[in-house]
$ cat coords-v2.cif   # mmCIF, C-alpha atoms
data_query
#
loop_
_atom_site.label_atom_id
_atom_site.label_comp_id
_atom_site.auth_asym_id
_atom_site.auth_seq_id
_atom_site.Cartn_x
_atom_site.Cartn_y
_atom_site.Cartn_z
CA MET K 10 -29.75 56.41 25.76
CA ARG K 11 -26.08 56.05 26.62
CA THR K 12 -23.85 57.00 29.53
CA ARG K 13 -21.39 59.77 28.76
CA ILE K 14 -18.37 61.04 30.66
CA LEU K 15 -19.18 64.68 31.43
CA GLY K 16 -15.96 65.68 33.21
CA THR K 17 -12.63 64.29 34.36
CA GLY K 18 -10.26 65.12 37.20
CA LYS K 19 -7.15 63.85 38.94
CA ALA K 20 -5.12 64.39 42.11
CA VAL K 21 -1.55 63.28 42.73
CA PRO K 22 0.63 63.95 45.77
CA ALA K 23 3.33 66.60 45.53
CA LYS K 24 6.05 64.28 46.87
CA VAL K 25 8.04 62.60 44.10
CA VAL K 26 10.09 59.47 44.74
CA THR K 27 12.51 58.72 41.92
CA ASN K 28 14.27 55.50 41.03
CA HIS K 29 17.46 57.07 42.33
CA ASP K 30 15.75 57.58 45.69
CA LEU K 31 14.91 53.87 45.78
CA GLU K 32 18.54 52.98 45.16
CA LYS K 33 19.13 54.12 48.74
CA LEU K 34 16.49 51.74 50.13
CA VAL K 35 16.88 48.47 48.22
CA ALA K 36 19.37 46.76 45.90
CA THR K 37 18.18 48.23 42.62
CA SER K 38 19.05 50.95 40.10
CA ASP K 39 17.33 53.51 37.93
CA GLN K 40 18.39 51.58 34.83
CA TRP K 41 17.12 48.24 36.18
CA ILE K 42 13.69 49.65 37.07
CA ALA K 43 13.26 51.73 33.92
CA GLU K 44 14.27 48.94 31.55
CA ARG K 45 11.94 46.39 33.14
CA THR K 46 8.93 48.57 33.90
CA GLY K 47 9.15 51.93 32.14
CA ILE K 48 8.85 53.67 35.53
CA ARG K 49 11.12 56.62 36.38
CA GLU K 50 9.31 58.05 39.40
CA ARG K 51 6.14 57.77 41.44
CA ARG K 52 4.15 59.94 43.89
CA VAL K 53 3.84 59.25 47.63
CA LEU K 54 1.12 60.79 49.78
CA GLU K 55 2.27 63.10 52.54
CA GLU K 56 1.78 62.13 56.18
CA GLY K 57 -1.49 63.38 57.62
CA ARG K 58 -3.42 62.99 54.35
CA THR K 59 -5.69 60.06 53.51
CA THR K 60 -7.14 58.18 50.58
CA SER K 61 -10.41 60.09 50.85
CA ASP K 62 -8.50 63.40 50.75
CA LEU K 63 -6.98 62.48 47.38
CA ALA K 64 -10.29 61.14 46.11
CA ALA K 65 -12.14 64.30 47.11
CA GLU K 66 -9.55 66.46 45.34
CA ALA K 67 -9.96 64.49 42.11
CA ALA K 68 -13.75 64.60 42.52
CA ARG K 69 -13.78 68.39 42.79
CA ALA K 70 -11.71 68.66 39.61
CA ALA K 71 -14.08 66.33 37.71
CA LEU K 72 -17.14 68.23 38.94
CA ALA K 73 -15.57 71.54 37.90
CA ALA K 74 -14.84 70.14 34.43
CA ALA K 75 -18.44 68.96 34.15
CA GLU K 76 -19.64 72.34 35.47
CA LEU K 77 -21.74 70.61 38.10
CA PRO K 78 -22.09 71.14 41.86
CA ALA K 79 -21.58 68.23 44.24
CA SER K 80 -25.22 68.62 45.27
CA SER K 81 -26.26 67.39 41.81
CA LEU K 82 -24.74 63.92 42.31
CA ASP K 83 -27.07 60.93 42.62
CA ALA K 84 -24.36 58.43 43.60
CA ILE K 85 -20.66 58.15 44.38
CA ILE K 86 -18.64 55.02 43.57
CA VAL K 87 -15.07 54.75 44.85
CA ALA K 88 -12.83 52.00 43.49
CA THR K 89 -10.01 51.33 45.95
CA VAL K 90 -8.18 48.60 47.86
CA THR K 91 -6.53 51.13 50.18
CA PRO K 92 -9.42 52.93 51.92
CA ASP K 93 -8.99 55.19 54.94
CA ALA K 94 -10.14 52.27 57.11
CA PRO K 95 -11.80 48.86 56.62
CA LEU K 96 -15.05 50.39 57.84
CA PRO K 97 -16.90 52.51 56.76
CA ALA K 98 -16.60 52.89 52.98
CA CYS K 99 -14.14 55.46 51.70
CA ALA K 100 -16.90 56.83 49.46
CA VAL K 101 -18.86 58.03 52.49
CA SER K 102 -15.90 60.16 53.61
CA VAL K 103 -15.58 61.54 50.07
CA GLN K 104 -19.27 62.40 50.07
CA GLN K 105 -18.86 64.40 53.25
CA LYS K 106 -15.70 66.16 52.10
CA ILE K 107 -17.14 67.40 48.79
CA GLY K 108 -20.51 68.35 50.24
CA ALA K 109 -22.68 65.82 48.40
CA SER K 110 -25.83 64.11 49.66
CA CYS K 111 -26.35 60.80 47.87
CA PRO K 112 -25.66 57.06 48.11
CA ALA K 113 -21.94 56.32 48.33
CA PHE K 114 -20.15 52.98 48.27
CA ASP K 115 -16.82 51.30 47.47
CA ILE K 116 -15.76 48.68 44.92
CA ALA K 117 -12.68 46.51 45.48
CA ALA K 118 -11.43 45.15 42.16
CA ALA K 119 -7.81 46.33 42.50
CA CYS K 120 -6.31 47.64 39.26
CA ALA K 121 -9.50 46.84 37.35
CA GLY K 122 -11.56 48.81 39.88
CA PHE K 123 -12.18 51.87 37.74
CA ILE K 124 -13.60 49.82 34.86
CA TYR K 125 -15.77 47.88 37.31
CA GLY K 126 -16.98 51.18 38.79
CA LEU K 127 -17.67 52.61 35.35
CA ALA K 128 -19.72 49.52 34.46
CA VAL K 129 -21.81 49.87 37.63
CA ALA K 130 -22.33 53.59 36.98
CA ASP K 131 -23.40 52.80 33.42
CA GLY K 132 -26.01 50.40 34.74
CA LEU K 133 -27.33 52.95 37.23
CA VAL K 134 -27.65 55.65 34.58
CA ARG K 135 -29.27 53.37 32.03
CA THR K 136 -32.07 52.54 34.46
CA GLY K 137 -33.06 56.20 34.33
CA ALA K 138 -33.10 56.44 38.12
CA TYR K 139 -29.67 58.10 38.36
CA GLN K 140 -28.67 61.16 36.35
CA ARG K 141 -25.23 62.06 37.71
CA VAL K 142 -22.79 59.49 39.07
CA LEU K 143 -19.25 60.17 40.28
CA VAL K 144 -16.74 57.35 39.74
CA ILE K 145 -13.35 57.60 41.45
CA GLY K 146 -10.31 55.35 41.27
CA VAL K 147 -7.94 56.07 44.15
CA GLU K 148 -5.05 54.32 45.87
CA VAL K 149 -2.49 55.09 48.56
CA LEU K 150 -0.39 52.00 48.00
CA SER K 151 2.71 53.53 49.59
CA ARG K 152 1.20 52.66 52.98
CA VAL K 153 0.77 48.97 52.19
CA LEU K 154 4.17 48.43 50.55
CA ASP K 155 7.13 46.63 52.06
CA TRP K 156 9.85 49.16 51.32
CA THR K 157 12.47 46.43 51.79
CA ASP K 158 10.99 44.32 48.97
CA ARG K 159 12.45 45.48 45.67
CA ASN K 160 10.00 43.30 43.72
CA THR K 161 7.05 45.47 44.78
CA CYS K 162 8.20 48.80 46.23
CA VAL K 163 9.60 50.01 42.89
CA LEU K 164 6.31 49.50 41.06
CA PHE K 165 3.55 51.34 42.86
CA GLY K 166 2.52 54.93 43.49
CA ASP K 167 -0.31 56.99 44.97
CA GLY K 168 -2.97 58.98 43.14
CA ALA K 169 -6.63 59.50 42.30
CA GLY K 170 -8.65 60.00 39.14
CA ALA K 171 -12.35 60.72 38.76
CA VAL K 172 -15.12 61.06 36.20
CA VAL K 173 -18.68 62.34 36.36
CA VAL K 174 -21.07 60.45 34.10
CA GLY K 175 -24.63 61.11 33.00
CA PRO K 176 -27.16 60.18 30.30
CA THR K 177 -26.82 61.25 26.70
CA GLU K 178 -28.37 60.49 23.34
CA GLY K 179 -26.63 59.92 20.05
CA ASP K 180 -23.42 58.13 19.15
CA ARG K 181 -21.16 59.57 21.84
CA GLY K 182 -20.67 57.89 25.20
CA LEU K 183 -19.95 54.51 26.70
CA LEU K 184 -20.52 51.86 24.03
CA SER K 185 -19.95 48.75 26.16
CA THR K 186 -18.15 47.38 29.22
CA HIS K 187 -16.72 43.88 29.70
CA LEU K 188 -15.90 42.46 33.14
CA TYR K 189 -14.08 39.25 34.05
CA ALA K 190 -12.61 37.51 37.09
CA ASP K 191 -10.78 34.29 37.94
CA GLY K 192 -10.33 33.43 41.61
CA ALA K 193 -7.64 30.89 40.74
CA GLY K 194 -5.34 33.90 40.53
CA VAL K 195 -5.80 34.89 44.18
CA PRO K 196 -2.33 33.62 45.23
CA LEU K 197 -0.59 35.75 42.60
CA LEU K 198 -1.24 39.19 44.07
CA GLY K 199 -2.70 40.43 47.33
CA ILE K 200 -2.29 41.57 50.93
CA PRO K 201 -2.56 38.42 53.09
CA GLY K 202 -3.05 40.09 56.47
CA GLY K 203 -5.82 42.19 57.95
CA GLY K 204 -8.90 40.16 57.01
CA THR K 205 -10.68 37.20 58.54
CA ALA K 206 -8.23 34.72 57.00
CA CYS K 207 -5.29 36.39 58.72
CA PRO K 208 -6.50 38.84 61.40
CA ALA K 209 -4.13 41.51 62.59
CA SER K 210 -1.90 40.20 65.38
CA PRO K 211 1.68 40.61 66.59
CA ALA K 212 2.55 37.49 64.60
CA SER K 213 1.01 38.79 61.35
CA VAL K 214 2.79 42.12 61.74
CA GLU K 215 6.11 40.43 62.44
CA ALA K 216 5.64 38.23 59.35
CA ARG K 217 4.96 41.39 57.27
CA GLN K 218 1.61 40.00 56.12
CA HIS K 219 0.02 43.45 55.84
CA PHE K 220 2.04 44.42 52.78
CA VAL K 221 1.51 43.74 49.08
CA LYS K 222 2.79 40.33 47.96
CA MET K 223 3.13 39.57 44.27
CA ASN K 224 4.26 36.84 41.89
CA GLY K 225 5.40 39.21 39.18
CA LYS K 226 5.97 36.65 36.44
CA GLY K 227 2.59 35.04 37.00
CA VAL K 228 0.76 38.35 36.94
CA PHE K 229 2.63 39.41 33.80
CA VAL K 230 1.51 36.36 31.81
CA HIS K 231 -2.13 36.69 32.85
CA ALA K 232 -2.12 40.45 32.28
CA VAL K 233 -0.93 40.31 28.70
CA ARG K 234 -3.26 37.47 27.75
CA ASN K 235 -6.41 38.65 29.53
CA ILE K 236 -6.12 42.37 28.79
CA ALA K 237 -5.66 41.51 25.13
CA ARG K 238 -8.71 39.22 25.17
CA ALA K 239 -10.87 41.81 26.92
CA SER K 240 -9.77 44.50 24.49
CA THR K 241 -10.58 42.31 21.51
CA ALA K 242 -13.98 41.48 23.02
CA ALA K 243 -14.83 45.18 23.30
CA LEU K 244 -13.90 45.81 19.69
CA GLU K 245 -15.78 42.78 18.36
CA LYS K 246 -18.89 43.62 20.39
CA ASN K 247 -19.09 46.97 18.63
CA GLY K 248 -17.98 45.87 15.17
CA LYS K 249 -14.70 47.78 15.42
CA THR K 250 -11.12 46.94 14.47
CA PRO K 251 -7.79 48.09 15.93
CA ALA K 252 -7.60 50.63 13.10
CA ASP K 253 -10.76 52.31 14.41
CA VAL K 254 -9.25 53.00 17.85
CA ASP K 255 -7.78 56.47 18.38
CA TRP K 256 -6.46 55.99 21.92
CA VAL K 257 -5.91 53.09 24.31
CA ILE K 258 -6.20 54.36 27.88
CA ALA K 259 -4.81 51.30 29.63
CA HIS K 260 -3.94 50.50 33.22
CA GLN K 261 -0.38 51.74 33.65
CA ALA K 262 1.12 48.70 35.41
CA ASN K 263 4.23 47.94 33.42
CA LEU K 264 5.37 49.16 30.01
CA ARG K 265 6.38 45.62 29.04
CA ILE K 266 2.82 44.41 29.70
CA LEU K 267 1.44 47.13 27.44
CA GLU K 268 3.94 46.21 24.73
CA GLY K 269 2.69 42.61 24.96
CA VAL K 270 -0.94 43.71 24.75
CA ALA K 271 -0.14 45.91 21.74
CA ASP K 272 1.49 42.96 19.98
CA LYS K 273 -1.39 40.55 20.67
CA THR K 274 -4.16 42.96 19.71
CA LYS K 275 -2.37 44.56 16.75
CA LEU K 276 -2.97 47.93 18.37
CA PRO K 277 0.14 50.07 17.77
CA LEU K 278 1.91 51.10 20.97
CA ALA K 279 1.80 54.67 19.61
CA LYS K 280 -1.97 54.59 20.31
CA PHE K 281 -1.40 53.86 24.01
CA TYR K 282 -1.48 56.99 26.14
CA LEU K 283 1.47 56.52 28.50
CA ASN K 284 2.28 58.25 31.78
CA ILE K 285 3.68 55.29 33.72
CA HIS K 286 7.11 56.93 33.77
CA LYS K 287 5.69 59.70 36.00
CA TYR K 288 3.37 57.84 38.36
CA GLY K 289 4.18 54.13 38.33
CA ASN K 290 1.33 51.69 38.99
CA THR K 291 -1.46 53.58 40.78
CA SER K 292 -3.84 50.60 40.52
CA SER K 293 -7.49 51.68 40.15
CA ALA K 294 -6.42 55.31 39.74
CA SER K 295 -4.23 54.80 36.69
CA ILE K 296 -6.88 54.83 33.94
CA PRO K 297 -8.77 57.93 35.17
CA ILE K 298 -5.47 59.77 35.80
CA ALA K 299 -4.30 59.00 32.27
CA LEU K 300 -7.70 59.91 30.84
CA ASP K 301 -7.74 63.26 32.61
CA GLU K 302 -4.26 64.11 31.35
CA ALA K 303 -5.12 63.03 27.81
CA VAL K 304 -8.27 65.17 27.82
CA ARG K 305 -6.61 68.23 29.31
CA ASP K 306 -3.54 68.17 27.06
CA GLY K 307 -5.75 67.93 23.98
CA SER K 308 -4.75 64.41 22.94
CA VAL K 309 -8.34 63.18 23.25
CA LYS K 310 -10.76 64.98 20.94
CA PRO K 311 -14.54 64.81 20.44
CA GLY K 312 -15.63 61.88 18.30
CA GLN K 313 -12.55 59.78 18.95
CA LEU K 314 -12.82 56.11 19.92
CA LEU K 315 -11.18 55.24 23.26
CA LEU K 316 -10.43 51.78 24.61
CA PHE K 317 -10.02 51.30 28.38
CA CYS K 318 -8.44 48.05 29.63
CA ALA K 319 -6.95 46.73 32.88
CA LEU K 320 -6.12 43.68 35.00
CA GLY K 321 -5.56 43.50 38.73
CA ALA K 322 -5.58 41.28 41.78
CA GLY K 323 -8.35 38.75 42.03
CA LEU K 324 -7.61 38.20 39.26
CA SER K 325 -10.06 40.80 37.96
CA TRP K 326 -9.91 42.43 34.56
CA GLY K 327 -12.02 44.24 32.03
CA SER K 328 -12.40 46.67 29.16
CA ALA K 329 -14.65 49.46 27.98
CA LEU K 330 -15.14 51.21 24.66
CA VAL K 331 -16.03 54.90 24.61
CA ARG K 332 -16.93 57.32 21.82
CA TRP K 333 -15.67 60.61 23.20
#
$ encode --input "coords-v2.cif" --output "structure tokens"
Amino acid sequence: MRTRILGTGKAVPAKVVTNHDLEKLVATSDQWIAERTGIRERRVLEEGRTTSDLAAEAARAALAAAELPASSLDAIIVATVTPDAPLPACAVSVQQKIGASCPAFDIAAACAGFIYGLAVADGLVRTGAYQRVLVIGVEVLSRVLDWTDRNTCVLFGDGAGAVVVGPTEGDRGLLSTHLYADGAGVPLLGIPGGGTACPASPASVEARQHFVKMNGKGVFVHAVRNIARASTAALEKNGKTPADVDWVIAHQANLRILEGVADKTKLPLAKFYLNIHKYGNTSSASIPIALDEAVRDGSVKPGQLLLFCALGAGLSWGSALVRW
């Protein structure tokens, strides 16, 4: 028995913020951003809406694609580092908003969150105790960005992607998942304020500790190396080669990172499904958003071999191989 993706869905805010819009906020330019990242625009969630609102919208789309009611779900897993609030889990709010009645919990693995969530869902389904699991990657990073910091505010966007998974027999489905982490990378990317190490206070707010901080060069080096290694591990585990892969559905962090991964793995960049120019880095949401678009536009076809791969804060990274 394997775990198979039964339906996909996505939700992105209507508000578009272009590189030209950012030229009015920080010392940057459309050319500078596009050449270094591949990003042209990103989405920003409207005031009054929350992370769980976006997640619920993506969940409904995935359930509709799977032709399943929310009442059929046995578990909900939400991968996010930008929940509605520190407590309770964002997944519980999603459960209520879509009308489900099942266990619901969050995973915080940053940009690798969706792959981590998929691995957990795979384990739940393989036990036989869970038949339908909803996995959502969602972020509203616009609300934890320092819009005066051109090193971070140009990179990130808001969005949600979701999949419903269930058991299947035969060759199709999730072939393997591969998860990794290295806490030595903690200083490279994170939000220092708001936890027990740096509780919220007037001083932490004044020091802008509640916004994303990133060592871009350090993250870049680790991302290329570790995503490539995880991707190779997934292929070797299943006796596959780069030539066997039909699509790479990678975390859309930076086009230059993906070019580096393509070079190291010998996977042609033409096999990478790219939408970073439209959404920027949506962290845990980027893989399921890209997957949903690739499925709905007909790029992904039954029987094709898909490679998922990502790296995020932690550092946490991983890969998954799927026979569609």
$ residues_around --input "coords-v2.cif" --residues "stretch 105-120 of chain K" --least-positions-apart "2" --cutoff "8 Å" --atoms "all atoms listed in the file" --output "CSV table (one decimal) with C-alpha atoms, in the frame of the given file"
chain,number,residue,atom,x,y,z
K,62,ASP,CA,-8.5,63.4,50.8
K,65,ALA,CA,-12.1,64.3,47.1
K,68,ALA,CA,-13.8,64.6,42.5
K,69,ARG,CA,-13.8,68.4,42.8
K,79,ALA,CA,-21.6,68.2,44.2
K,80,SER,CA,-25.2,68.6,45.3
K,81,SER,CA,-26.3,67.4,41.8
K,82,LEU,CA,-24.7,63.9,42.3
K,83,ASP,CA,-27.1,60.9,42.6
K,84,ALA,CA,-24.4,58.4,43.6
K,85,ILE,CA,-20.7,58.2,44.4
K,86,ILE,CA,-18.6,55.0,43.6
K,87,VAL,CA,-15.1,54.8,44.8
K,88,ALA,CA,-12.8,52.0,43.5
K,89,THR,CA,-10.0,51.3,46.0
K,90,VAL,CA,-8.2,48.6,47.9
K,98,ALA,CA,-16.6,52.9,53.0
K,99,CYS,CA,-14.1,55.5,51.7
K,100,ALA,CA,-16.9,56.8,49.5
K,101,VAL,CA,-18.9,58.0,52.5
K,102,SER,CA,-15.9,60.2,53.6
K,103,VAL,CA,-15.6,61.5,50.1
K,122,GLY,CA,-11.6,48.8,39.9
K,123,PHE,CA,-12.2,51.9,37.7
K,125,TYR,CA,-15.8,47.9,37.3
K,126,GLY,CA,-17.0,51.2,38.8
K,260,HIS,CA,-3.9,50.5,33.2
K,291,THR,CA,-1.5,53.6,40.8
K,292,SER,CA,-3.8,50.6,40.5
K,293,SER,CA,-7.5,51.7,40.2
K,294,ALA,CA,-6.4,55.3,39.7
K,295,SER,CA,-4.2,54.8,36.7
K,319,ALA,CA,-7.0,46.7,32.9
K,320,LEU,CA,-6.1,43.7,35.0
K,321,GLY,CA,-5.6,43.5,38.7
K,322,ALA,CA,-5.6,41.3,41.8
K,323,GLY,CA,-8.4,38.8,42.0
K,325,SER,CA,-10.1,40.8,38.0
K,326,TRP,CA,-9.9,42.4,34.6
$ atom_distance --input "coords-v2.cif" --atom1 "atom CA of K:Val172" --atom2 "atom CA of K:Glu76"
12.2 Å
$ closest_residue --input "coords-v2.cif" --among "K:Pro297, K:Ile145, K:Ala138, K:Met223" --to "K:Ala259" --atoms "all atoms listed in the file"
K:Pro297
$ resolve_selection --input "coords-v2.cif" --expression "the PyMOL selection byres ((chain K and resi 15) around 12)" --output "ChimeraX atom specification"
/K:12-14,16-18,70-77,140-144,171-177,181-183,301,304,311,333
$ closest_residue --input "coords-v2.cif" --among "K:Thr205, K:Thr161, K:Ser185, K:Thr241" --to "K:Asn290" --atoms "all atoms listed in the file"
K:Thr161
$ atom_distance --input "coords-v2.cif" --atom1 "atom CA of K:Lys222" --atom2 "atom CA of K:Val35"
16.3 Å
$ residues_around --input "coords-v2.cif" --residues "K:Cys162" --least-positions-apart "6" --cutoff "9 Å" --atoms "only C-alpha atoms" --output "ChimeraX atom specification"
/K:31,35,151,154-156,221
$ resolve_selection --input "coords-v2.cif" --expression "the PyMOL selection byres ((chain K and resi 267) around 12)" --output "MDAnalysis selection string"
chainID K and resid 45:47 229:230 232:237 240 257:266 268:285 318:320
$ residues_around --input "coords-v2.cif" --residues "K:Gly203" --least-positions-apart "4" --cutoff "12 Å" --atoms "only C-alpha atoms" --output "ChimeraX atom specification"
/K:91,94-95,153,199,207-214,217-221
$ atom_distance --input "coords-v2.cif" --atom1 "atom CA of K:Leu315" --atom2 "atom CA of K:Ser328"
10.5 Å
$ resolve_selection --input "coords-v2.cif" --expression "the PyMOL selection byres ((chain K and resi 330) around 8)" --output "PyMOL selection string"
chain K and resi 183-186+243-244+314-317+328-329+331-332
$ closest_residue --input "coords-v2.cif" --among "K:Gly225, K:Gly202, K:Gly179, K:Gly137" --to "K:Asn160" --atoms "all atoms listed in the file"
K:Gly225
$ axis_aligned_box --input "coords-v2.cif" --around "stretch 50-57 of chain K" --padding-each-side "6 Å" --output "AutoDock Vina command-line options"
--center_x 3.9 --center_y 60.6 --center_z 48.5 --size_x 22.8 --size_y 17.6 --size_z 30.2
$ residues_around --input "coords-v2.cif" --residues "K:Val195" --least-positions-apart "2" --cutoff "7 Å" --atoms "all atoms listed in the file" --output "compact mmCIF listing (two decimals) with C-alpha atoms, in the frame of the given file"
# COMPACT_ATOMS: atom_id res chain seq x y z
CA GLY K 192 -10.33 33.43 41.61
CA ALA K 193 -7.64 30.89 40.74
CA LEU K 197 -0.59 35.75 42.60
CA LEU K 198 -1.24 39.19 44.07
CA ALA K 322 -5.58 41.28 41.78
CA GLY K 323 -8.35 38.75 42.03
CA LEU K 324 -7.61 38.20 39.26
$ closest_residue --input "coords-v2.cif" --among "K:Ile42, K:Gln313, K:Pro201, K:His286" --to "K:Asp253" --atoms "only C-alpha atoms"
K:Gln313
$ closest_residue --input "coords-v2.cif" --among "K:Pro22, K:Pro97, K:Gly168, K:Gly327" --to "K:Ala242" --atoms "all atoms listed in the file"
K:Gly327
